[in-house]
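Student: This is entry-v2.cif (mmCIF, C-alpha atoms and all ligand atoms).
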data_query
loop_
_atom_site.label_atom_id
_atom_site.label_comp_id
_atom_site.auth_asym_id
_atom_site.auth_seq_id
_atom_site.Cartn_x
_atom_site.Cartn_y
_atom_site.Cartn_z
CA MET A 1 215.05 80.42 167.06
CA HIS A 2 218.82 80.60 166.78
CA TYR A 3 220.56 78.44 164.20
CA LEU A 4 224.15 77.68 163.21
CA VAL A 5 224.55 77.03 159.47
CA THR A 6 227.84 75.41 158.47
CA GLY A 7 228.59 75.97 154.80
CA GLY A 8 226.11 78.86 154.79
CA ALA A 9 228.17 80.71 152.17
CA GLY A 10 227.69 77.88 149.64
CA PHE A 11 224.97 77.38 147.06
CA VAL A 12 222.35 75.46 149.03
CA GLY A 13 223.47 76.77 152.44
CA SER A 14 223.10 80.42 151.43
CA HIS A 15 219.56 79.85 150.18
CA VAL A 16 218.70 78.12 153.45
CA VAL A 17 220.10 81.12 155.37
CA LEU A 18 217.74 83.37 153.38
CA ALA A 19 214.76 81.08 154.04
CA LEU A 20 215.52 80.96 157.78
CA ARG A 21 215.85 84.74 157.98
CA ASP A 22 212.72 85.30 155.91
CA ALA A 23 210.94 83.14 158.51
CA GLY A 24 212.23 85.43 161.29
CA HIS A 25 215.01 83.26 162.72
CA CYS A 26 218.49 84.33 163.86
CA VAL A 27 221.35 82.71 161.95
CA VAL A 28 225.12 82.45 162.34
CA VAL A 29 227.17 81.13 159.40
CA PHE A 30 230.34 79.08 159.82
CA ASP A 31 232.23 78.62 156.54
CA ASN A 32 235.87 78.27 155.47
CA LEU A 33 235.06 80.03 152.16
CA SER A 34 236.93 77.32 150.23
CA THR A 35 234.00 77.06 147.83
CA GLY A 36 231.49 79.49 149.37
CA HIS A 37 231.40 83.26 148.95
CA ARG A 38 231.54 85.97 151.57
CA ALA A 39 229.05 87.98 149.50
CA ALA A 40 226.54 85.11 149.61
CA VAL A 41 226.05 85.77 153.33
CA PRO A 42 223.73 88.72 154.06
CA HIS A 43 225.54 91.62 155.74
CA ASP A 44 223.55 91.38 158.94
CA VAL A 45 224.23 87.65 159.41
CA PRO A 46 227.37 86.91 161.48
CA LEU A 47 229.91 85.03 159.36
CA ILE A 48 232.63 83.09 161.15
CA VAL A 49 235.36 82.14 158.71
CA GLY A 50 236.84 78.91 159.96
CA ASP A 51 237.33 75.27 159.16
CA LEU A 52 235.33 72.48 160.75
CA SER A 53 238.59 70.71 161.56
CA ASP A 54 239.32 73.58 163.99
CA GLN A 55 237.55 72.11 167.00
CA VAL A 56 238.73 74.82 169.38
CA LEU A 57 237.12 77.51 167.24
CA LEU A 58 233.98 75.46 166.72
CA ALA A 59 233.64 74.81 170.45
CA SER A 60 234.03 78.52 171.20
CA VAL A 61 231.29 79.35 168.67
CA LEU A 62 228.93 76.79 170.20
CA GLU A 63 229.69 78.20 173.65
CA LYS A 64 229.22 81.83 172.66
CA TYR A 65 225.83 81.40 170.98
CA SER A 66 223.17 79.16 172.34
CA PHE A 67 221.88 77.44 169.23
CA ASP A 68 218.57 75.65 169.03
CA ALA A 69 219.80 73.58 166.10
CA VAL A 70 222.68 73.16 163.67
CA LEU A 71 222.17 72.87 159.91
CA HIS A 72 225.21 71.25 158.36
CA PHE A 73 226.11 71.90 154.70
CA ALA A 74 229.88 72.32 154.78
CA ALA A 75 231.33 69.47 152.70
CA LEU A 76 233.12 68.54 149.55
CA SER A 77 230.26 67.80 147.17
CA LEU A 78 231.33 66.77 143.67
CA VAL A 79 230.60 63.19 142.62
CA GLY A 80 233.23 63.12 139.83
CA ASP A 81 235.90 64.80 141.96
CA SER A 82 235.40 62.21 144.69
CA MET A 83 236.38 59.44 142.25
CA ARG A 84 239.70 61.27 141.76
CA VAL A 85 240.53 61.95 145.41
CA PRO A 86 238.44 59.40 147.33
CA PHE A 87 240.28 59.54 150.64
CA THR A 88 240.08 63.32 150.78
CA TYR A 89 236.30 63.11 150.44
CA LEU A 90 235.90 60.25 152.89
CA ARG A 91 238.21 61.79 155.48
CA GLN A 92 237.14 65.39 155.26
CA ASN A 93 233.38 64.90 155.01
CA TYR A 94 233.19 62.13 157.57
CA LEU A 95 235.65 63.33 160.21
CA ASN A 96 234.55 66.97 160.14
CA SER A 97 230.93 65.91 160.53
CA LEU A 98 231.68 63.38 163.24
CA ASN A 99 233.54 66.04 165.24
CA LEU A 100 230.78 68.59 164.71
CA ILE A 101 228.06 66.17 165.82
CA GLU A 102 230.05 65.16 168.90
CA LEU A 103 230.62 68.81 169.85
CA CYS A 104 226.90 69.50 169.40
CA VAL A 105 226.07 66.65 171.78
CA GLN A 106 228.63 67.97 174.28
CA HIS A 107 227.07 71.44 174.08
CA GLY A 108 223.54 70.21 174.59
CA ILE A 109 222.33 70.86 171.02
CA ARG A 110 219.64 68.31 170.36
CA ARG A 111 218.49 69.24 166.83
CA PHE A 112 220.52 68.71 163.66
CA VAL A 113 219.67 69.02 159.97
CA PHE A 114 222.04 67.29 157.59
CA SER A 115 222.62 67.93 153.90
CA SER A 116 222.69 64.38 152.56
CA THR A 117 222.46 63.22 148.96
CA ALA A 118 220.77 61.00 146.41
CA ALA A 119 224.29 59.88 145.50
CA LEU A 120 224.17 57.33 148.33
CA PHE A 121 221.74 55.16 146.37
CA GLY A 122 223.91 54.25 143.37
CA THR A 123 221.42 53.37 140.66
CA PRO A 124 218.55 51.40 142.22
CA GLU A 125 216.38 49.30 139.92
CA GLN A 126 213.21 50.99 141.10
CA GLN A 127 212.57 54.63 140.24
CA PRO A 128 211.45 56.91 141.78
CA ILE A 129 213.75 56.17 144.71
CA MET A 130 212.03 55.83 148.06
CA GLU A 131 213.79 56.38 151.38
CA SER A 132 213.70 52.62 151.94
CA ALA A 133 215.71 51.84 148.76
CA THR A 134 218.95 49.94 149.19
CA ILE A 135 221.94 52.11 150.03
CA ASN A 136 224.71 51.39 147.56
CA PRO A 137 226.83 54.49 146.97
CA GLY A 138 228.41 54.74 143.53
CA SER A 139 231.07 57.20 144.68
CA PRO A 140 233.15 58.08 147.77
CA TYR A 141 231.10 61.28 147.99
CA GLY A 142 227.88 59.30 148.40
CA GLU A 143 229.60 56.92 150.81
CA SER A 144 230.87 59.79 152.98
CA LYS A 145 227.35 61.16 153.34
CA PHE A 146 225.97 57.75 154.25
CA LEU A 147 228.59 57.34 157.00
CA ILE A 148 227.43 60.64 158.48
CA GLU A 149 223.80 59.51 158.41
CA ARG A 150 224.92 56.55 160.54
CA VAL A 151 226.66 58.84 163.05
CA LEU A 152 223.39 60.75 163.39
CA HIS A 153 221.51 57.51 163.93
CA TRP A 154 223.72 56.74 166.95
CA ALA A 155 223.63 60.33 168.20
CA ASP A 156 219.85 59.99 168.39
CA ARG A 157 219.81 56.51 169.90
CA ILE A 158 222.34 57.23 172.59
CA HIS A 159 222.08 60.97 173.18
CA GLY A 160 218.59 61.83 171.96
CA MET A 161 219.85 64.24 169.30
CA ARG A 162 217.04 64.44 166.76
CA SER A 163 218.11 64.85 163.17
CA ALA A 164 216.76 65.27 159.68
CA CYS A 165 218.78 63.75 156.85
CA LEU A 166 217.71 65.41 153.62
CA ARG A 167 218.85 63.51 150.58
CA TYR A 168 219.02 66.09 147.84
CA PHE A 169 218.56 65.35 144.22
CA ASN A 170 219.90 67.99 141.77
CA ALA A 171 219.60 71.52 143.14
CA ALA A 172 219.48 74.37 140.61
CA GLY A 173 218.02 77.85 140.12
CA SER A 174 218.43 81.00 142.20
CA ASP A 175 216.68 83.02 144.89
CA PRO A 176 213.49 84.45 143.27
CA ALA A 177 214.29 87.86 144.81
CA GLY A 178 217.76 87.79 143.20
CA ARG A 179 219.67 87.81 146.49
CA ALA A 180 221.66 84.61 145.80
CA GLY A 181 222.49 82.18 143.02
CA GLU A 182 224.83 79.42 141.87
CA ASP A 183 228.52 80.30 141.65
CA HIS A 184 230.84 77.28 141.78
CA ARG A 185 234.48 77.74 140.80
CA PRO A 186 235.15 75.87 138.68
CA GLU A 187 231.55 75.21 137.67
CA THR A 188 230.88 71.53 136.99
CA HIS A 189 227.08 71.37 137.05
CA LEU A 190 225.08 70.83 133.92
CA ILE A 191 222.50 73.64 134.07
CA PRO A 192 224.87 76.58 134.70
CA LEU A 193 227.37 75.18 132.19
CA ALA A 194 224.70 74.82 129.50
CA ILE A 195 223.47 78.36 130.20
CA ASP A 196 226.98 79.79 129.96
CA THR A 197 227.49 77.92 126.68
CA ALA A 198 224.22 79.39 125.36
CA LEU A 199 225.38 82.86 126.45
CA GLY A 200 228.68 82.38 124.59
CA ARG A 201 230.66 82.71 127.83
CA ARG A 202 232.39 79.35 127.41
CA GLY A 203 233.12 76.83 124.67
CA GLN A 204 231.34 73.67 123.65
CA LEU A 205 229.54 71.71 126.35
CA ALA A 206 230.70 68.08 126.75
CA ILE A 207 227.94 65.58 127.47
CA PHE A 208 229.36 62.75 129.51
CA GLY A 209 228.13 59.37 128.22
CA SER A 210 225.80 58.40 125.38
CA ASP A 211 225.18 54.76 126.25
CA TYR A 212 223.37 54.78 129.59
CA PRO A 213 220.25 52.57 129.74
CA THR A 214 217.94 55.60 129.46
CA VAL A 215 215.57 56.93 126.83
CA ASP A 216 218.28 58.86 124.93
CA GLY A 217 221.44 57.27 126.36
CA THR A 218 222.27 60.18 128.69
CA CYS A 219 221.94 60.31 132.48
CA VAL A 220 218.60 61.25 133.97
CA ARG A 221 218.36 63.56 136.99
CA ASP A 222 215.62 65.05 139.13
CA TYR A 223 216.11 68.83 139.29
CA ILE A 224 214.77 70.73 142.28
CA HIS A 225 214.66 74.49 142.68
CA VAL A 226 217.10 75.58 145.37
CA THR A 227 214.45 77.66 147.20
CA ASP A 228 212.08 74.68 147.32
CA LEU A 229 214.98 72.67 148.70
CA ALA A 230 215.69 75.41 151.25
CA ASN A 231 212.06 75.38 152.37
CA ALA A 232 212.28 71.61 152.90
CA HIS A 233 214.82 72.39 155.66
CA LEU A 234 212.32 74.57 157.48
CA ALA A 235 209.72 71.82 157.21
CA ALA A 236 212.25 69.30 158.52
CA LEU A 237 213.12 71.53 161.48
CA GLU A 238 209.49 71.44 162.57
CA GLN A 239 209.30 67.70 162.05
CA ILE A 240 212.30 66.87 164.26
CA GLU A 241 210.50 68.33 167.24
CA THR A 242 208.77 64.93 167.21
CA CYS A 243 211.32 62.41 165.91
CA SER A 244 214.34 61.98 163.65
CA VAL A 245 213.49 61.84 159.95
CA THR A 246 215.05 60.98 156.60
CA TYR A 247 213.61 62.47 153.42
CA ASN A 248 214.38 62.26 149.73
CA VAL A 249 213.96 65.76 148.34
CA GLY A 250 213.20 66.15 144.65
CA ASN A 251 210.43 66.82 142.16
CA THR A 252 209.69 63.16 141.32
CA THR A 253 210.40 63.79 137.64
CA GLY A 254 213.50 62.85 135.66
CA PHE A 255 215.11 64.76 132.83
CA SER A 256 217.92 63.51 130.63
CA ASN A 257 220.98 65.61 129.95
CA LEU A 258 219.65 66.25 126.44
CA ASP A 259 216.31 67.39 127.94
CA VAL A 260 218.28 69.95 129.94
CA ILE A 261 220.03 71.24 126.81
CA ARG A 262 216.67 71.61 125.03
CA SER A 263 215.23 73.45 128.05
CA VAL A 264 218.19 75.85 128.12
CA GLU A 265 217.68 76.49 124.40
CA ARG A 266 213.98 77.23 124.94
CA VAL A 267 214.59 79.54 127.90
CA THR A 268 217.55 81.47 126.49
CA GLY A 269 216.45 81.45 122.85
CA GLN A 270 220.04 80.49 122.00
CA HIS A 271 221.64 77.37 120.56
CA VAL A 272 223.70 75.26 122.99
CA ASP A 273 226.80 73.96 121.21
CA TRP A 274 227.57 70.49 122.58
CA ARG A 275 229.43 67.25 121.81
CA TRP A 276 229.57 63.72 123.15
CA ASP A 277 232.28 62.82 125.62
CA ALA A 278 233.16 59.70 127.65
CA ARG A 279 231.18 58.77 130.75
CA ARG A 280 232.19 60.58 133.94
CA ALA A 281 233.28 58.13 136.64
CA GLY A 282 230.83 57.78 139.51
CA ASP A 283 227.74 59.01 137.64
CA PRO A 284 224.64 56.88 138.30
CA ALA A 285 222.42 56.46 135.21
CA VAL A 286 219.13 57.57 136.76
CA LEU A 287 218.23 59.44 139.97
CA ILE A 288 214.57 60.31 140.43
CA ALA A 289 213.24 61.17 143.88
CA GLY A 290 210.30 59.58 145.59
CA SER A 291 209.43 62.57 147.82
CA GLU A 292 205.98 61.50 149.02
CA ARG A 293 207.12 61.00 152.60
CA LEU A 294 208.29 64.60 152.90
CA ARG A 295 205.05 65.91 151.35
CA ARG A 296 202.84 63.68 153.45
CA GLU A 297 204.51 64.23 156.80
CA THR A 298 205.30 67.96 156.53
CA GLY A 299 202.97 69.37 153.88
CA TRP A 300 205.98 70.59 151.87
CA VAL A 301 205.30 71.14 148.17
CA PRO A 302 207.72 72.39 145.52
CA ARG A 303 206.61 75.76 144.12
CA ILE A 304 208.91 76.01 141.09
CA ALA A 305 208.61 72.52 139.73
CA SER A 306 208.90 72.71 135.94
CA LEU A 307 212.35 72.27 134.44
CA ASP A 308 211.97 75.38 132.26
CA ASP A 309 211.09 77.48 135.33
CA ILE A 310 214.11 76.15 137.22
CA VAL A 311 216.36 76.83 134.23
CA GLU A 312 214.80 80.28 133.82
CA SER A 313 215.60 81.07 137.45
CA ALA A 314 219.23 79.97 137.00
CA TYR A 315 219.43 81.92 133.72
CA ARG A 316 218.13 85.14 135.29
CA TRP A 317 220.86 85.13 137.94
CA ARG A 318 223.67 84.29 135.54
CA LEU A 319 222.47 86.98 133.14
CA THR A 320 222.39 89.67 135.83
CA HIS A 321 225.52 88.42 137.64
CA PRO A 322 228.03 87.67 134.87
CA ASP A 323 230.81 87.40 137.45
CA GLY A 324 228.72 85.62 140.06
CA TYR A 325 229.39 87.02 143.52
CA ASP A 326 232.16 89.22 142.07
CA SER A 327 229.50 91.16 140.14
CA PRO A 328 229.26 94.86 141.11
CA VAL A 329 225.84 94.38 142.73
CA TYR A 330 227.59 92.77 145.70
CA SER A 331 229.66 95.25 147.70
CA GLN A 332 233.13 94.11 148.65
CA GLU A 333 232.63 95.31 152.21
CA ASP A 334 234.18 92.99 154.80
CA CYS A 335 231.42 91.43 156.86
CA GLU A 336 233.42 88.82 158.71
CA THR A 337 232.60 88.40 162.38
CA PRO A 338 235.61 88.40 164.73
CA VAL A 339 236.43 84.98 166.08
CA PRO A 340 234.84 84.61 169.53
N1 LIG A 401 227.18 66.56 132.88
C1 LIG A 401 227.64 66.58 131.58
N2 LIG A 401 228.54 67.54 131.23
C2 LIG A 401 229.02 68.46 132.12
C3 LIG A 401 228.52 68.43 133.45
C4 LIG A 401 227.60 67.47 133.80
O1 LIG A 401 227.25 65.75 130.75
O2 LIG A 401 229.85 69.29 131.73
C5 LIG A 401 226.21 65.53 133.26
C6 LIG A 401 226.74 64.60 134.34
O3 LIG A 401 227.58 63.61 133.79
C7 LIG A 401 225.42 64.07 134.90
C8 LIG A 401 224.47 65.27 134.78
O4 LIG A 401 225.07 66.13 133.81
O5 LIG A 401 224.97 63.05 134.08
C9 LIG A 401 224.30 66.04 136.07
O6 LIG A 401 225.60 66.35 136.56
P1 LIG A 401 225.87 67.49 137.64
O7 LIG A 401 227.36 67.59 137.77
O8 LIG A 401 225.11 68.71 137.27
O9 LIG A 401 225.22 66.91 138.98
P2 LIG A 401 225.40 65.47 139.65
O10 LIG A 401 224.18 64.65 139.31
O11 LIG A 401 226.72 64.87 139.36
O12 LIG A 401 225.46 65.81 141.20
C10 LIG A 401 224.55 66.67 141.84
C11 LIG A 401 225.28 67.26 143.05
C12 LIG A 401 225.64 66.16 144.01
C13 LIG A 401 224.39 65.37 144.37
C14 LIG A 401 223.70 64.87 143.13
C15 LIG A 401 222.41 64.17 143.52
O13 LIG A 401 226.47 67.93 142.63
O14 LIG A 401 226.21 66.75 145.17
O15 LIG A 401 223.41 65.95 142.25
O16 LIG A 401 221.67 63.76 142.42
F1 LIG A 401 224.75 64.30 145.11
#
Just give me the structure as structure tokens.
Ligand code: UFG
Tutor:
Amino acid sequence: MHYLVTGGAGFVGSHVVLALRDAGHCVVVFDNLSTGHRAAVPHDVPLIVGDLSDQVLLASVLEKYSFDAVLHFAALSLVGDSMRVPFTYLRQNYLNSLNLIELCVQHGIRRFVFSSTAALFGTPEQQPIMESATINPGSPYGESKFLIERVLHWADRIHGMRSACLRYFNAAGSDPAGRAGEDHRPETHLIPLAIDTALGRRGQLAIFGSDYPTVDGTCVRDYIHVTDLANAHLAALEQIETCSVTYNVGNTTGFSNLDVIRSVERVTGQHVDWRWDARRAGDPAVLIAGSERLRRETGWVPRIASLDDIVESAYRWRLTHPDGYDSPVYSQEDCETPVP
């Protein structure tokens, strides 16, 4: 099969590219490299550097290759950041996706996998969160993803475009073969920050909020290994041959921010220096996935499910790639594909 992956140079997208290629599929990556990395895209995968707002370029890519499906990751994706610049998140995520979906319909692409988020739930009273839980986004980021889910609903109803909306919980870890890892600039995610603090590569870690209604007052999240998450996309691609689907993708277990610090200390053997800080706007107290539907309907199971194993996987990559994708292991060779 032939797939277009938007945002394929980013953290989750690059791991999905690896999973698709490992399964024998052909992949083209479309990425503006605003947060992704050229070196995250394997050398033999065509990389088209462009922005989703460039509809002329996008249309020419869809015309040149005949894709069986599009997997869409390219987006602004930080909950806290979206509380600072809400309209940027709403506009960019929603409009770019709307245009992409419309172009796909125009070019006869009838399969679409969408990188959605647990952030569209707010903090429901019932945990774990099932797909049927009330949608009540606690941030413009979550809202923007929900709007796109609605576009896909209508694309199916009116044009028969089948889609999978995968609502991710907290992705972490790195490719077990060491080909890819997490490299956000600046890094804002808890696991890589705690690891870098343990490694002495940064100062004290701030823990945002001590008075959430949780067991230790800190937020609780469901961490999923990025390769397990990537494999959920392959399972979803098979499933949309039958009908459109929506899945919550997590491990069904919650860990508090202090649990994460303790795990990082166990895995690294180092102390994590941390302090309390104020709550971060937009953070829901608890997000734990109910992922039974995905398991039941597709047979997907997470392989690296324990928090220590996920942290260990993230640690291994950060240890061997101190400068992320700027580490010497990645050649600086230009692998950009000429614009069609
Ligand atoms: N946190 C800190 N200190 C930090 C960084 C994070 O205390 O320096 C806390 C956050 O406040 C939160 C928890 O660690 O309580 C997890 O925060 P992350 O930034 O690691 O991840 P988020 O839960 O905010 O968001 C991630 C993805 C989103 C996705 C969401 C789904 O970035 O795109 O998981 O659960 F929507």
Student: Return as a PDB file with C-alpha atoms, in the frame of the given file the residues of protein, DNA or RNA that approach ligand LIG 401 (chain A) to within 8 Å, with only C-alpha atoms and all ligand atoms taken into account.
Tutor:
ATOM      1  CA  SER A  77     230.260  67.800 147.170  1.00  0.00           C
ATOM      2  CA  LEU A  78     231.330  66.770 143.670  1.00  0.00           C
ATOM      3  CA  VAL A  79     230.600  63.190 142.620  1.00  0.00           C
ATOM      4  CA  GLY A  80     233.230  63.120 139.830  1.00  0.00           C
ATOM      5  CA  SER A 116     222.690  64.380 152.560  1.00  0.00           C
ATOM      6  CA  THR A 117     222.460  63.220 148.960  1.00  0.00           C
ATOM      7  CA  ALA A 118     220.770  61.000 146.410  1.00  0.00           C
ATOM      8  CA  ALA A 119     224.290  59.880 145.500  1.00  0.00           C
ATOM      9  CA  LEU A 120     224.170  57.330 148.330  1.00  0.00           C
ATOM     10  CA  TYR A 141     231.100  61.280 147.990  1.00  0.00           C
ATOM     11  CA  GLY A 142     227.880  59.300 148.400  1.00  0.00           C
ATOM     12  CA  ARG A 167     218.850  63.510 150.580  1.00  0.00           C
ATOM     13  CA  TYR A 168     219.020  66.090 147.840  1.00  0.00           C
ATOM     14  CA  PHE A 169     218.560  65.350 144.220  1.00  0.00           C
ATOM     15  CA  ASN A 170     219.900  67.990 141.770  1.00  0.00           C
ATOM     16  CA  ALA A 171     219.600  71.520 143.140  1.00  0.00           C
ATOM     17  CA  THR A 188     230.880  71.530 136.990  1.00  0.00           C
ATOM     18  CA  HIS A 189     227.080  71.370 137.050  1.00  0.00           C
ATOM     19  CA  LEU A 190     225.080  70.830 133.920  1.00  0.00           C
ATOM     20  CA  ILE A 191     222.500  73.640 134.070  1.00  0.00           C
ATOM     21  CA  LEU A 193     227.370  75.180 132.190  1.00  0.00           C
ATOM     22  CA  ALA A 194     224.700  74.820 129.500  1.00  0.00           C
ATOM     23  CA  LEU A 205     229.540  71.710 126.350  1.00  0.00           C
ATOM     24  CA  ALA A 206     230.700  68.080 126.750  1.00  0.00           C
ATOM     25  CA  ILE A 207     227.940  65.580 127.470  1.00  0.00           C
ATOM     26  CA  PHE A 208     229.360  62.750 129.510  1.00  0.00           C
ATOM     27  CA  GLY A 209     228.130  59.370 128.220  1.00  0.00           C
ATOM     28  CA  THR A 218     222.270  60.180 128.690  1.00  0.00           C
ATOM     29  CA  CYS A 219     221.940  60.310 132.480  1.00  0.00           C
ATOM     30  CA  VAL A 220     218.600  61.250 133.970  1.00  0.00           C
ATOM     31  CA  ARG A 221     218.360  63.560 136.990  1.00  0.00           C
ATOM     32  CA  ASP A 222     215.620  65.050 139.130  1.00  0.00           C
ATOM     33  CA  SER A 256     217.920  63.510 130.630  1.00  0.00           C
ATOM     34  CA  ASN A 257     220.980  65.610 129.950  1.00  0.00           C
ATOM     35  CA  ASP A 277     232.280  62.820 125.620  1.00  0.00           C
ATOM     36  CA  ARG A 279     231.180  58.770 130.750  1.00  0.00           C
ATOM     37  CA  ARG A 280     232.190  60.580 133.940  1.00  0.00           C
ATOM     38  CA  ASP A 283     227.740  59.010 137.640  1.00  0.00           C
ATOM     39  CA  PRO A 284     224.640  56.880 138.300  1.00  0.00           C
ATOM     40  CA  ALA A 285     222.420  56.460 135.210  1.00  0.00           C
ATOM     41  CA  LEU A 287     218.230  59.440 139.970  1.00  0.00           C
TER      42      LEU A 287
END
Student: Please indicate the distance in Å from CA of Thr320 (chain A) to CA of Gly178 (chain A), rounded to one decimal place.
Tutor: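 Computed distance, CA of Thr320 (chain A) to CA of Gly178 (chain A), equals 8.9 Å.
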Student: Near Arg318 (chain A), within 9 Å and counting all atoms listed in the file, which residues show up once chain neighbours fewer than 2 positions away are dropped, as a list in words?
Tutor: Gly181, Glu182, Asp183, Pro192, Ile195, Asp196, Ser313, Ala314, Tyr315, Arg316, Thr320, His321, Pro322, Asp323 and Gly324 of chain A
Student: Check the smallest atom-to-atom distance from each of A:His271, A:Arg303, A:Arg162, A:Arg262 to Gly250 (chain A) using only C-alpha atoms, then report the winner.
Tutor: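 Among A:His271, A:Arg303, A:Arg162, A:Arg262, it is A:Arg303 that comes nearest to Gly250 (chain A).
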Student: Which polymer residues have any atom within 7 Å of an atom of Leu90 (chain A), counting only C-alpha atoms, with same-chain residues fewer than 3 positions away left out, as a ChimeraX atom specification?
Tutor: /A:86-87,93-94,140-141,144
Student: Show me, as a ChimeraX atom specification, the residues that have an atom within 7 Å of region 38-52 of chain A when counting all atoms listed in the file, minus same-chain residues fewer than 2 positions from it.
Tutor: /A:9,14,27-33,36,54-55,58,96,180,325,330,335-337,339
Student: Write a file of the selected residues as a PDB file, in the frame of the given file, keeping C-alpha atoms.
Tutor:
ATOM      1  CA  ALA A   9     228.170  80.710 152.170  1.00  0.00           C
ATOM      2  CA  SER A  14     223.100  80.420 151.430  1.00  0.00           C
ATOM      3  CA  VAL A  27     221.350  82.710 161.950  1.00  0.00           C
ATOM      4  CA  VAL A  28     225.120  82.450 162.340  1.00  0.00           C
ATOM      5  CA  VAL A  29     227.170  81.130 159.400  1.00  0.00           C
ATOM      6  CA  PHE A  30     230.340  79.080 159.820  1.00  0.00           C
ATOM      7  CA  ASP A  31     232.230  78.620 156.540  1.00  0.00           C
ATOM      8  CA  ASN A  32     235.870  78.270 155.470  1.00  0.00           C
ATOM      9  CA  LEU A  33     235.060  80.030 152.160  1.00  0.00           C
ATOM     10  CA  GLY A  36     231.490  79.490 149.370  1.00  0.00           C
ATOM     11  CA  ASP A  54     239.320  73.580 163.990  1.00  0.00           C
ATOM     12  CA  GLN A  55     237.550  72.110 167.000  1.00  0.00           C
ATOM     13  CA  LEU A  58     233.980  75.460 166.720  1.00  0.00           C
ATOM     14  CA  ASN A  96     234.550  66.970 160.140  1.00  0.00           C
ATOM     15  CA  ALA A 180     221.660  84.610 145.800  1.00  0.00           C
ATOM     16  CA  TYR A 325     229.390  87.020 143.520  1.00  0.00           C
ATOM     17  CA  TYR A 330     227.590  92.770 145.700  1.00  0.00           C
ATOM     18  CA  CYS A 335     231.420  91.430 156.860  1.00  0.00           C
ATOM     19  CA  GLU A 336     233.420  88.820 158.710  1.00  0.00           C
ATOM     20  CA  THR A 337     232.600  88.400 162.380  1.00  0.00           C
ATOM     21  CA  VAL A 339     236.430  84.980 166.080  1.00  0.00           C
TER      22      VAL A 339
END
Student: Please, what distance in Å, to one decimal, runs between CA of Tyr65 (chain A) and CA of His107 (chain A)?
Tutor: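 We find that CA of Tyr65 (chain A) and CA of His107 (chain A) lie 10.5 Å from each other.
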Student: Compare A:Thr253, A:Val226, A:Arg295, A:Thr246 by their minimum atom-to-atom distance to Pro128 (chain A), counting all atoms listed in the file, and give me the closest one.
Tutor: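 Distance minimum relative to Pro128 (chain A) lands on A:Thr253.
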Student: Could you tell me how far CA of Ser115 (chain A) lies from CA of Leu71 (chain A), in Å and to one decimal?
Tutor: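 Straight-line distance from CA of Ser115 (chain A) to CA of Leu71 (chain A) works out to 7.8 Å.
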